[in-house]
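The structure under discussion appears below in the form of structure tokens.
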Amino acid sequence: MRMDLARIERLEIPPIEQSYTARDAILYALGLGFGEHPLDAAELDYVYEKSLRIAPSFAAPVCHPGFWAQKPEFGIDWVRLLHAEQECQFHRSFPAEGTIRGEFTIAGVEDKGADKGALVHQEKRLFDAATGDLIATVRSTLFLRADGGQGGFGRTISPALALPEGEPSATLEFRTEPRLALIYRLSGDWNPLHADPAIARSAGFDRPILHGLCNYGAACRALLKVYCDYDPSRLKSLFVRFSQPFFPGETLRFEFFQDGNEIGFRALAKERGIVVLDRARARIAAP
């Protein structure tokens, strides 16, 4: 099977409007592990409608265009597709409830070589449908493990910078639930790789892996806790590279390297000592 690059380049995803309620926002936060300790008042604000706050990483799944790469006309070996990178610029906070309009662009396909796969770069802009305000600018990169050596088009992305040497300035650990992927997928990512053991085995894993965007949201949760006093308006940007799969039930350990309002970090699957989020960075506003 060969990719149809011309068809991918011509792909036009119509704008998507998605309305959400407090229930949707709470379900998303529960899928990230918020509310793990019910007496933690700061996290309760993300899972209780009384004074509801929305995690900024909600920008990643909201107005999701669906698993278009699975459609046979594009010729992508979607079973071997992985999420490679995710980046969001947060321009303003999400309202507790509302309607968001998403506008999409396929920025390019980057050929890494016949034995190295290819990268698909996607961009999304999110607007408050009621006010027209730009809420977030989102970039995601898909790693097509089996589709290299077929050419490309459009823009490429500069490689992420390595983290500094030395000891981290702060650390944090989250123990994840074994069923976490089954909760998180209810926020809109229905890729069966994260639920169906047979699909996971066909992709080379002994069990379903956790969604990359769930770990992305966990990074958002960790940054809110360590650097933002849980104030979502203080998190201005968040980038991660998904370097290795993470399995539900493992412990996610974050190691942060602060340089003023710039935070470099990585996250490890603690039990295996494997880095699963690498060369990650965030920008934090002063209180």
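Identifiers for the structure tokens are assigned positionally: chains receive A, B, ... in sequence, residues are indexed from 1 per chain, and ligands are indexed from 1 in the order shown.
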Write out as a PyMOL selection string the residues lying within 12 Å of Thr131 in chain A, counting only C-alpha atoms and excluding same-chain residues fewer than 3 positions away. chain A and resi 94-95+98-101+126-128+134-135
List every residue of range 203-272 of chain A that DSSP, applied to the backbone, labels as helix (DSSP H, G or I), and write the result as a PyMOL selection string. chain A and resi 212-227+232-234
May I have the selected residues written with N, CA and C atoms, as a short mmCIF file (atom, residue, chain, number, x, y, z; two decimals), in the first residue's frame?
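Result file result.cif:
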```
data_model
loop_
_atom_site.label_atom_id
_atom_site.label_comp_id
_atom_site.auth_asym_id
_atom_site.auth_seq_id
_atom_site.Cartn_x
_atom_site.Cartn_y
_atom_site.Cartn_z
N GLY A 212 -1.54 9.25 23.84
CA GLY A 212 -0.54 10.29 24.05
C GLY A 212 -1.15 11.55 24.63
N LEU A 213 -2.36 11.90 24.17
CA LEU A 213 -2.98 13.12 24.67
C LEU A 213 -3.43 13.01 26.12
N CYS A 214 -3.59 11.80 26.62
CA CYS A 214 -3.85 11.63 28.04
C CYS A 214 -2.60 12.00 28.84
N ASN A 215 -1.44 11.53 28.39
CA ASN A 215 -0.20 11.93 29.05
C ASN A 215 0.07 13.42 28.87
N TYR A 216 -0.33 13.97 27.71
CA TYR A 216 -0.21 15.41 27.51
C TYR A 216 -1.03 16.16 28.55
N GLY A 217 -2.25 15.69 28.77
CA GLY A 217 -3.08 16.30 29.80
C GLY A 217 -2.53 16.11 31.19
N ALA A 218 -1.90 14.96 31.44
CA ALA A 218 -1.26 14.74 32.74
C ALA A 218 -0.11 15.71 32.94
N ALA A 219 0.63 16.03 31.86
CA ALA A 219 1.69 17.04 31.96
C ALA A 219 1.10 18.40 32.30
N CYS A 220 -0.04 18.71 31.70
CA CYS A 220 -0.74 19.95 32.04
C CYS A 220 -1.12 19.96 33.51
N ARG A 221 -1.67 18.87 33.99
CA ARG A 221 -2.04 18.75 35.41
C ARG A 221 -0.84 18.95 36.31
N ALA A 222 0.29 18.33 35.94
CA ALA A 222 1.50 18.46 36.76
C ALA A 222 2.01 19.90 36.79
N LEU A 223 2.00 20.57 35.64
CA LEU A 223 2.46 21.96 35.58
C LEU A 223 1.54 22.88 36.38
N LEU A 224 0.24 22.65 36.29
CA LEU A 224 -0.70 23.45 37.07
C LEU A 224 -0.42 23.30 38.56
N LYS A 225 -0.11 22.08 38.98
CA LYS A 225 0.13 21.81 40.41
C LYS A 225 1.45 22.42 40.89
N VAL A 226 2.53 22.21 40.13
CA VAL A 226 3.86 22.59 40.61
C VAL A 226 4.15 24.07 40.39
N TYR A 227 3.67 24.65 39.28
CA TYR A 227 4.10 26.01 38.91
C TYR A 227 2.99 27.05 38.82
N PRO A 232 -5.40 28.03 35.63
CA PRO A 232 -5.20 27.67 34.22
C PRO A 232 -4.73 28.83 33.36
N SER A 233 -5.02 30.07 33.75
CA SER A 233 -4.64 31.21 32.93
C SER A 233 -3.13 31.45 32.92
N ARG A 234 -2.39 30.83 33.84
CA ARG A 234 -0.95 31.04 33.91
C ARG A 234 -0.16 30.11 32.99
#
```
To one decimal in Å, tell me the separation between CA of Ser243 in chain A and CA of Ala181 in chain A.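 We find that CA of Ser243 in chain A and CA of Ala181 in chain A lie 18.1 Å from each other.
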DSSP strand (DSSP E or B) selection over range 184-276 of chain A, as JSON, numbers by chain: {"A": [235, 236, 237, 238, 239, 240, 241, 242, 251, 252, 253, 254, 255, 256, 257, 258, 259, 262, 263, 264, 265, 266, 267, 268, 269, 274, 275, 276]}
Those same residues, written as an mmCIF file, in the first residue's frame with N, CA, C and O atoms?
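The result, written out as selection_4.cif:
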```
data_model
loop_
_atom_site.group_PDB
_atom_site.id
_atom_site.type_symbol
_atom_site.label_atom_id
_atom_site.label_comp_id
_atom_site.auth_asym_id
_atom_site.auth_seq_id
_atom_site.Cartn_x
_atom_site.Cartn_y
_atom_site.Cartn_z
ATOM 1 N N LEU A 235 -0.771 29.061 32.493
ATOM 2 C CA LEU A 235 -0.087 28.172 31.546
ATOM 3 C C LEU A 235 -0.293 28.719 30.141
ATOM 4 O O LEU A 235 -1.412 28.772 29.633
ATOM 5 N N LYS A 236 0.796 29.159 29.493
ATOM 6 C CA LYS A 236 0.708 29.851 28.219
ATOM 7 C C LYS A 236 1.032 28.961 27.025
ATOM 8 O O LYS A 236 0.566 29.220 25.916
ATOM 9 N N SER A 237 1.850 27.938 27.209
ATOM 10 C CA SER A 237 2.144 27.025 26.110
ATOM 11 C C SER A 237 2.621 25.701 26.681
ATOM 12 O O SER A 237 3.134 25.643 27.810
ATOM 13 N N LEU A 238 2.448 24.651 25.893
ATOM 14 C CA LEU A 238 2.848 23.311 26.326
ATOM 15 C C LEU A 238 3.167 22.466 25.098
ATOM 16 O O LEU A 238 2.322 22.299 24.212
ATOM 17 N N PHE A 239 4.403 21.964 25.049
ATOM 18 C CA PHE A 239 4.864 21.084 23.964
ATOM 19 C C PHE A 239 5.409 19.807 24.569
ATOM 20 O O PHE A 239 6.123 19.833 25.585
ATOM 21 N N VAL A 240 5.099 18.669 23.945
ATOM 22 C CA VAL A 240 5.727 17.409 24.331
ATOM 23 C C VAL A 240 6.050 16.599 23.086
ATOM 24 O O VAL A 240 5.392 16.718 22.049
ATOM 25 N N ARG A 241 7.075 15.770 23.212
ATOM 26 C CA ARG A 241 7.378 14.745 22.218
ATOM 27 C C ARG A 241 7.086 13.395 22.863
ATOM 28 O O ARG A 241 7.560 13.097 23.964
ATOM 29 N N PHE A 242 6.283 12.577 22.171
ATOM 30 C CA PHE A 242 5.946 11.248 22.682
ATOM 31 C C PHE A 242 7.040 10.284 22.226
ATOM 32 O O PHE A 242 7.099 9.914 21.049
ATOM 33 N N THR A 251 3.357 4.229 36.779
ATOM 34 C CA THR A 251 3.569 5.507 37.449
ATOM 35 C C THR A 251 4.258 6.465 36.496
ATOM 36 O O THR A 251 5.281 6.132 35.892
ATOM 37 N N LEU A 252 3.698 7.646 36.350
ATOM 38 C CA LEU A 252 4.248 8.682 35.488
ATOM 39 C C LEU A 252 5.055 9.651 36.366
ATOM 40 O O LEU A 252 4.499 10.310 37.239
ATOM 41 N N ARG A 253 6.368 9.700 36.132
ATOM 42 C CA ARG A 253 7.260 10.556 36.921
ATOM 43 C C ARG A 253 7.723 11.730 36.061
ATOM 44 O O ARG A 253 8.333 11.535 35.001
ATOM 45 N N PHE A 254 7.459 12.943 36.523
ATOM 46 C CA PHE A 254 7.875 14.161 35.836
ATOM 47 C C PHE A 254 9.148 14.713 36.460
ATOM 48 O O PHE A 254 9.284 14.753 37.688
ATOM 49 N N GLU A 255 10.071 15.150 35.599
ATOM 50 C CA GLU A 255 11.299 15.809 36.027
ATOM 51 C C GLU A 255 11.374 17.163 35.325
ATOM 52 O O GLU A 255 11.427 17.222 34.087
ATOM 53 N N PHE A 256 11.351 18.251 36.110
ATOM 54 C CA PHE A 256 11.271 19.603 35.584
ATOM 55 C C PHE A 256 12.600 20.331 35.717
ATOM 56 O O PHE A 256 13.330 20.158 36.714
ATOM 57 N N PHE A 257 12.893 21.185 34.721
ATOM 58 C CA PHE A 257 14.096 22.012 34.706
ATOM 59 C C PHE A 257 13.643 23.450 34.421
ATOM 60 O O PHE A 257 13.304 23.789 33.292
ATOM 61 N N GLN A 258 13.623 24.285 35.459
ATOM 62 C CA GLN A 258 13.086 25.626 35.329
ATOM 63 C C GLN A 258 14.169 26.630 34.961
ATOM 64 O O GLN A 258 15.267 26.628 35.514
ATOM 65 N N ASP A 259 13.836 27.514 34.026
ATOM 66 C CA ASP A 259 14.689 28.642 33.655
ATOM 67 C C ASP A 259 13.787 29.858 33.530
ATOM 68 O O ASP A 259 13.266 30.159 32.459
ATOM 69 N N GLU A 262 10.318 29.696 31.688
ATOM 70 C CA GLU A 262 10.399 28.572 30.754
ATOM 71 C C GLU A 262 10.700 27.287 31.545
ATOM 72 O O GLU A 262 11.636 27.257 32.352
ATOM 73 N N ILE A 263 9.916 26.260 31.294
ATOM 74 C CA ILE A 263 10.069 24.993 31.996
ATOM 75 C C ILE A 263 10.353 23.903 30.973
ATOM 76 O O ILE A 263 9.527 23.627 30.093
ATOM 77 N N GLY A 264 11.538 23.282 31.047
ATOM 78 C CA GLY A 264 11.811 22.076 30.289
ATOM 79 C C GLY A 264 11.494 20.878 31.165
ATOM 80 O O GLY A 264 11.663 20.935 32.384
ATOM 81 N N PHE A 265 11.039 19.795 30.565
ATOM 82 C CA PHE A 265 10.732 18.629 31.397
ATOM 83 C C PHE A 265 10.670 17.366 30.556
ATOM 84 O O PHE A 265 10.621 17.396 29.326
ATOM 85 N N ARG A 266 10.688 16.261 31.257
ATOM 86 C CA ARG A 266 10.447 14.951 30.660
ATOM 87 C C ARG A 266 9.575 14.169 31.629
ATOM 88 O O ARG A 266 9.402 14.547 32.800
ATOM 89 N N ALA A 267 9.031 13.051 31.144
ATOM 90 C CA ALA A 267 8.249 12.164 31.995
ATOM 91 C C ALA A 267 8.657 10.733 31.707
ATOM 92 O O ALA A 267 8.910 10.369 30.553
ATOM 93 N N LEU A 268 8.740 9.942 32.755
ATOM 94 C CA LEU A 268 9.173 8.555 32.651
ATOM 95 C C LEU A 268 8.084 7.607 33.128
ATOM 96 O O LEU A 268 7.307 7.944 34.041
ATOM 97 N N ALA A 269 8.041 6.417 32.514
ATOM 98 C CA ALA A 269 7.305 5.309 33.099
ATOM 99 C C ALA A 269 8.224 4.748 34.190
ATOM 100 O O ALA A 269 9.217 4.068 33.907
ATOM 101 N N ILE A 274 11.727 4.160 31.570
ATOM 102 C CA ILE A 274 11.685 4.563 30.163
ATOM 103 C C ILE A 274 11.114 5.979 30.054
ATOM 104 O O ILE A 274 10.073 6.289 30.648
ATOM 105 N N VAL A 275 11.783 6.829 29.287
ATOM 106 C CA VAL A 275 11.272 8.173 29.040
ATOM 107 C C VAL A 275 10.135 8.086 28.024
ATOM 108 O O VAL A 275 10.322 7.595 26.905
ATOM 109 N N VAL A 276 8.958 8.583 28.405
ATOM 110 C CA VAL A 276 7.792 8.511 27.519
ATOM 111 C C VAL A 276 7.412 9.883 26.955
ATOM 112 O O VAL A 276 6.788 9.954 25.896
#
```
Produce a table with one row for each residue of range 49-147 of chain A that has an atom at most 10 Å from any atom of range 14-27 of chain A, each row naming the nearest atom pair and its distance in Å at one decimal; use only C-alpha atoms; arrange rows by chain and rising residue number; format as a tab-separated table.
```
residue	atom	partner	partner_atom	distance
A:Glu49	CA	A:Ala22	CA	6.2
A:Lys50	CA	A:Ala22	CA	9.7
A:Leu52	CA	A:Ala22	CA	7.5
A:Arg53	CA	A:Ala25	CA	8.5
A:Ile54	CA	A:Ala25	CA	6.5
A:Ala55	CA	A:Ala25	CA	8.3
A:Phe58	CA	A:Ala25	CA	8.0
A:Val62	CA	A:Gln18	CA	7.2
A:Cys63	CA	A:Gln18	CA	5.6
A:His64	CA	A:Ile16	CA	8.0
A:Pro65	CA	A:Ile16	CA	7.3
A:Pro95	CA	A:Ala22	CA	9.8
A:Ala96	CA	A:Ala22	CA	6.4
A:Glu97	CA	A:Thr21	CA	4.8
A:Gly98	CA	A:Ser19	CA	5.6
A:Thr99	CA	A:Ser19	CA	4.0
A:Ile100	CA	A:Gln18	CA	5.3
A:Arg101	CA	A:Glu17	CA	4.3
A:Gly102	CA	A:Ile16	CA	5.1
A:Glu103	CA	A:Pro15	CA	4.8
A:Phe104	CA	A:Pro15	CA	6.8
A:Thr105	CA	A:Pro14	CA	9.7
A:Lys124	CA	A:Pro15	CA	9.7
A:Arg125	CA	A:Pro15	CA	9.7
A:Leu126	CA	A:Glu17	CA	9.4
A:Phe127	CA	A:Glu17	CA	9.3
A:Asp128	CA	A:Glu17	CA	9.5
A:Ala129	CA	A:Glu17	CA	7.7
```
With N, CA and C atoms retained, write the just-selected residues as a PDB file, in the first residue's frame.
```
ATOM      1  N   GLU A  49     -18.675  20.984  39.476  1.00  0.00           N
ATOM      2  CA  GLU A  49     -19.247  22.090  38.726  1.00  0.00           C
ATOM      3  C   GLU A  49     -19.416  23.384  39.520  1.00  0.00           C
ATOM      4  N   LYS A  50     -19.294  23.344  40.850  1.00  0.00           N
ATOM      5  CA  LYS A  50     -19.548  24.533  41.661  1.00  0.00           C
ATOM      6  C   LYS A  50     -18.657  25.706  41.260  1.00  0.00           C
ATOM      7  N   LEU A  52     -16.121  25.472  38.545  1.00  0.00           N
ATOM      8  CA  LEU A  52     -15.411  24.646  37.567  1.00  0.00           C
ATOM      9  C   LEU A  52     -14.340  25.425  36.809  1.00  0.00           C
ATOM     10  N   ARG A  53     -13.157  24.815  36.746  1.00  0.00           N
ATOM     11  CA  ARG A  53     -12.071  25.291  35.895  1.00  0.00           C
ATOM     12  C   ARG A  53     -11.802  24.239  34.825  1.00  0.00           C
ATOM     13  N   ILE A  54     -11.317  24.699  33.668  1.00  0.00           N
ATOM     14  CA  ILE A  54     -11.029  23.796  32.554  1.00  0.00           C
ATOM     15  C   ILE A  54      -9.523  23.698  32.379  1.00  0.00           C
ATOM     16  N   ALA A  55      -8.995  22.489  32.340  1.00  0.00           N
ATOM     17  CA  ALA A  55      -7.569  22.299  32.075  1.00  0.00           C
ATOM     18  C   ALA A  55      -7.242  22.827  30.685  1.00  0.00           C
ATOM     19  N   PHE A  58      -7.331  20.849  27.374  1.00  0.00           N
ATOM     20  CA  PHE A  58      -8.592  20.539  26.704  1.00  0.00           C
ATOM     21  C   PHE A  58      -8.555  20.980  25.242  1.00  0.00           C
ATOM     22  N   VAL A  62     -10.500  18.862  21.953  1.00  0.00           N
ATOM     23  CA  VAL A  62     -11.758  19.502  21.564  1.00  0.00           C
ATOM     24  C   VAL A  62     -11.773  19.769  20.057  1.00  0.00           C
ATOM     25  N   CYS A  63     -12.955  19.639  19.454  1.00  0.00           N
ATOM     26  CA  CYS A  63     -13.127  19.772  17.996  1.00  0.00           C
ATOM     27  C   CYS A  63     -12.220  18.810  17.236  1.00  0.00           C
ATOM     28  N   HIS A  64     -12.046  17.623  17.766  1.00  0.00           N
ATOM     29  CA  HIS A  64     -11.216  16.620  17.098  1.00  0.00           C
ATOM     30  C   HIS A  64     -11.847  16.244  15.763  1.00  0.00           C
ATOM     31  N   PRO A  65     -11.067  16.232  14.667  1.00  0.00           N
ATOM     32  CA  PRO A  65     -11.652  15.969  13.345  1.00  0.00           C
ATOM     33  C   PRO A  65     -11.924  14.501  13.064  1.00  0.00           C
ATOM     34  N   PRO A  95     -14.177  28.933  28.693  1.00  0.00           N
ATOM     35  CA  PRO A  95     -15.319  29.134  29.594  1.00  0.00           C
ATOM     36  C   PRO A  95     -15.749  27.803  30.197  1.00  0.00           C
ATOM     37  N   ALA A  96     -16.450  27.848  31.332  1.00  0.00           N
ATOM     38  CA  ALA A  96     -16.860  26.613  32.005  1.00  0.00           C
ATOM     39  C   ALA A  96     -17.756  25.764  31.111  1.00  0.00           C
ATOM     40  N   GLU A  97     -18.566  26.401  30.285  1.00  0.00           N
ATOM     41  CA  GLU A  97     -19.371  25.724  29.273  1.00  0.00           C
ATOM     42  C   GLU A  97     -19.393  26.609  28.041  1.00  0.00           C
ATOM     43  N   GLY A  98     -19.609  26.024  26.876  1.00  0.00           N
ATOM     44  CA  GLY A  98     -19.652  26.868  25.692  1.00  0.00           C
ATOM     45  C   GLY A  98     -19.593  26.062  24.411  1.00  0.00           C
ATOM     46  N   THR A  99     -19.362  26.773  23.303  1.00  0.00           N
ATOM     47  CA  THR A  99     -19.212  26.170  21.980  1.00  0.00           C
ATOM     48  C   THR A  99     -17.913  26.663  21.374  1.00  0.00           C
ATOM     49  N   ILE A 100     -17.110  25.730  20.893  1.00  0.00           N
ATOM     50  CA  ILE A 100     -15.802  26.028  20.318  1.00  0.00           C
ATOM     51  C   ILE A 100     -15.837  25.709  18.829  1.00  0.00           C
ATOM     52  N   ARG A 101     -15.224  26.583  18.033  1.00  0.00           N
ATOM     53  CA  ARG A 101     -15.104  26.371  16.596  1.00  0.00           C
ATOM     54  C   ARG A 101     -13.652  26.043  16.272  1.00  0.00           C
ATOM     55  N   GLY A 102     -13.430  24.915  15.609  1.00  0.00           N
ATOM     56  CA  GLY A 102     -12.086  24.495  15.225  1.00  0.00           C
ATOM     57  C   GLY A 102     -11.874  24.591  13.738  1.00  0.00           C
ATOM     58  N   GLU A 103     -10.753  25.209  13.331  1.00  0.00           N
ATOM     59  CA  GLU A 103     -10.382  25.325  11.923  1.00  0.00           C
ATOM     60  C   GLU A 103      -9.067  24.581  11.700  1.00  0.00           C
ATOM     61  N   PHE A 104      -8.979  23.769  10.640  1.00  0.00           N
ATOM     62  CA  PHE A 104      -7.904  22.798  10.477  1.00  0.00           C
ATOM     63  C   PHE A 104      -7.106  23.008   9.200  1.00  0.00           C
ATOM     64  N   THR A 105      -5.821  22.631   9.283  1.00  0.00           N
ATOM     65  CA  THR A 105      -4.943  22.633   8.125  1.00  0.00           C
ATOM     66  C   THR A 105      -4.001  21.437   8.227  1.00  0.00           C
ATOM     67  N   LYS A 124      -4.470  23.366  14.117  1.00  0.00           N
ATOM     68  CA  LYS A 124      -5.857  23.634  14.478  1.00  0.00           C
ATOM     69  C   LYS A 124      -5.909  24.946  15.249  1.00  0.00           C
ATOM     70  N   ARG A 125      -6.865  25.785  14.911  1.00  0.00           N
ATOM     71  CA  ARG A 125      -7.103  27.003  15.680  1.00  0.00           C
ATOM     72  C   ARG A 125      -8.495  26.920  16.290  1.00  0.00           C
ATOM     73  N   LEU A 126      -8.587  27.276  17.563  1.00  0.00           N
ATOM     74  CA  LEU A 126      -9.834  27.156  18.302  1.00  0.00           C
ATOM     75  C   LEU A 126     -10.352  28.537  18.676  1.00  0.00           C
ATOM     76  N   PHE A 127     -11.622  28.768  18.373  1.00  0.00           N
ATOM     77  CA  PHE A 127     -12.259  30.042  18.663  1.00  0.00           C
ATOM     78  C   PHE A 127     -13.489  29.819  19.545  1.00  0.00           C
ATOM     79  N   ASP A 128     -13.748  30.771  20.432  1.00  0.00           N
ATOM     80  CA  ASP A 128     -15.010  30.793  21.162  1.00  0.00           C
ATOM     81  C   ASP A 128     -16.095  31.196  20.160  1.00  0.00           C
ATOM     82  N   ALA A 129     -17.033  30.304  19.891  1.00  0.00           N
ATOM     83  CA  ALA A 129     -18.042  30.575  18.873  1.00  0.00           C
ATOM     84  C   ALA A 129     -18.937  31.752  19.251  1.00  0.00           C
TER      85      ALA A 129
END
```
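Comparing A:Thr171, A:Gln70, A:Ser187, A:Asn261 by their smallest distance to Tyr28 in chain A, the closest is A:Ser187 (using only C-alpha atoms).
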Separation of CA of Gln244 in chain A and CA of Arg283 in chain A, in Å?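 Going from CA of Gln244 in chain A over to CA of Arg283 in chain A, I get 23.6 Å.
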Select, from A:Ala41, A:Leu30, A:Val109, A:Ala136, the residue with the minimum atom-to-atom distance to Gln150 in chain A, counting only C-alpha atoms.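 Closest to Gln150 in chain A of all the choices is A:Val109.
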Which of A:Gly260, A:Pro61, A:Gly188, A:Gly75 sits closest to Ala282 in chain A [using only C-alpha atoms]: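 Answer, going by the shortest atom-to-atom distance: A:Gly260.
CA of Ala59 in chain A is positioned 7.3 Å from CA of Cys88 in chain A.
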Which one of A:Glu85, A:Asp4, A:Asp231, A:Asp147 sits closest to Asp278 in chain A if you count only C-alpha atoms?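 Under the stated criterion, the closest residue is A:Glu85.
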Selected residue of minimal separation from Phe74 in chain A among A:Arg7, A:Arg279, A:Pro287, A:Met1, counting only C-alpha atoms: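 Counting only C-alpha atoms, the residue closest to Phe74 in chain A is A:Arg7.
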Find the residues of range 23-137 of chain A that sit at most 12 Å from range 160-165 of chain A; for each, write down the nearest two atoms and how far apart they are in Å, to one decimal. Count only C-alpha atoms. Sort by chain, then by number going up, and give it as CSV.
```
residue,atom,partner,partner_atom,distance
A:Ala84,CA,A:Ala160,CA,11.7
A:Glu85,CA,A:Ala160,CA,9.7
A:Gln86,CA,A:Ala160,CA,11.4
A:Glu87,CA,A:Ala160,CA,11.1
```
Nearest candidate to Arg145 in chain A (options A:Arg80, A:Asp111, A:Arg281, A:Pro178; using only C-alpha atoms): A:Arg80
Would you pick out the contacts of Leu119 in chain A at 8 Å or less, using only C-alpha atoms, so that residues sharing its chain but fewer than 5 positions from it are not included, and give the list as number ranges by chain? A: 109-112, 141-144
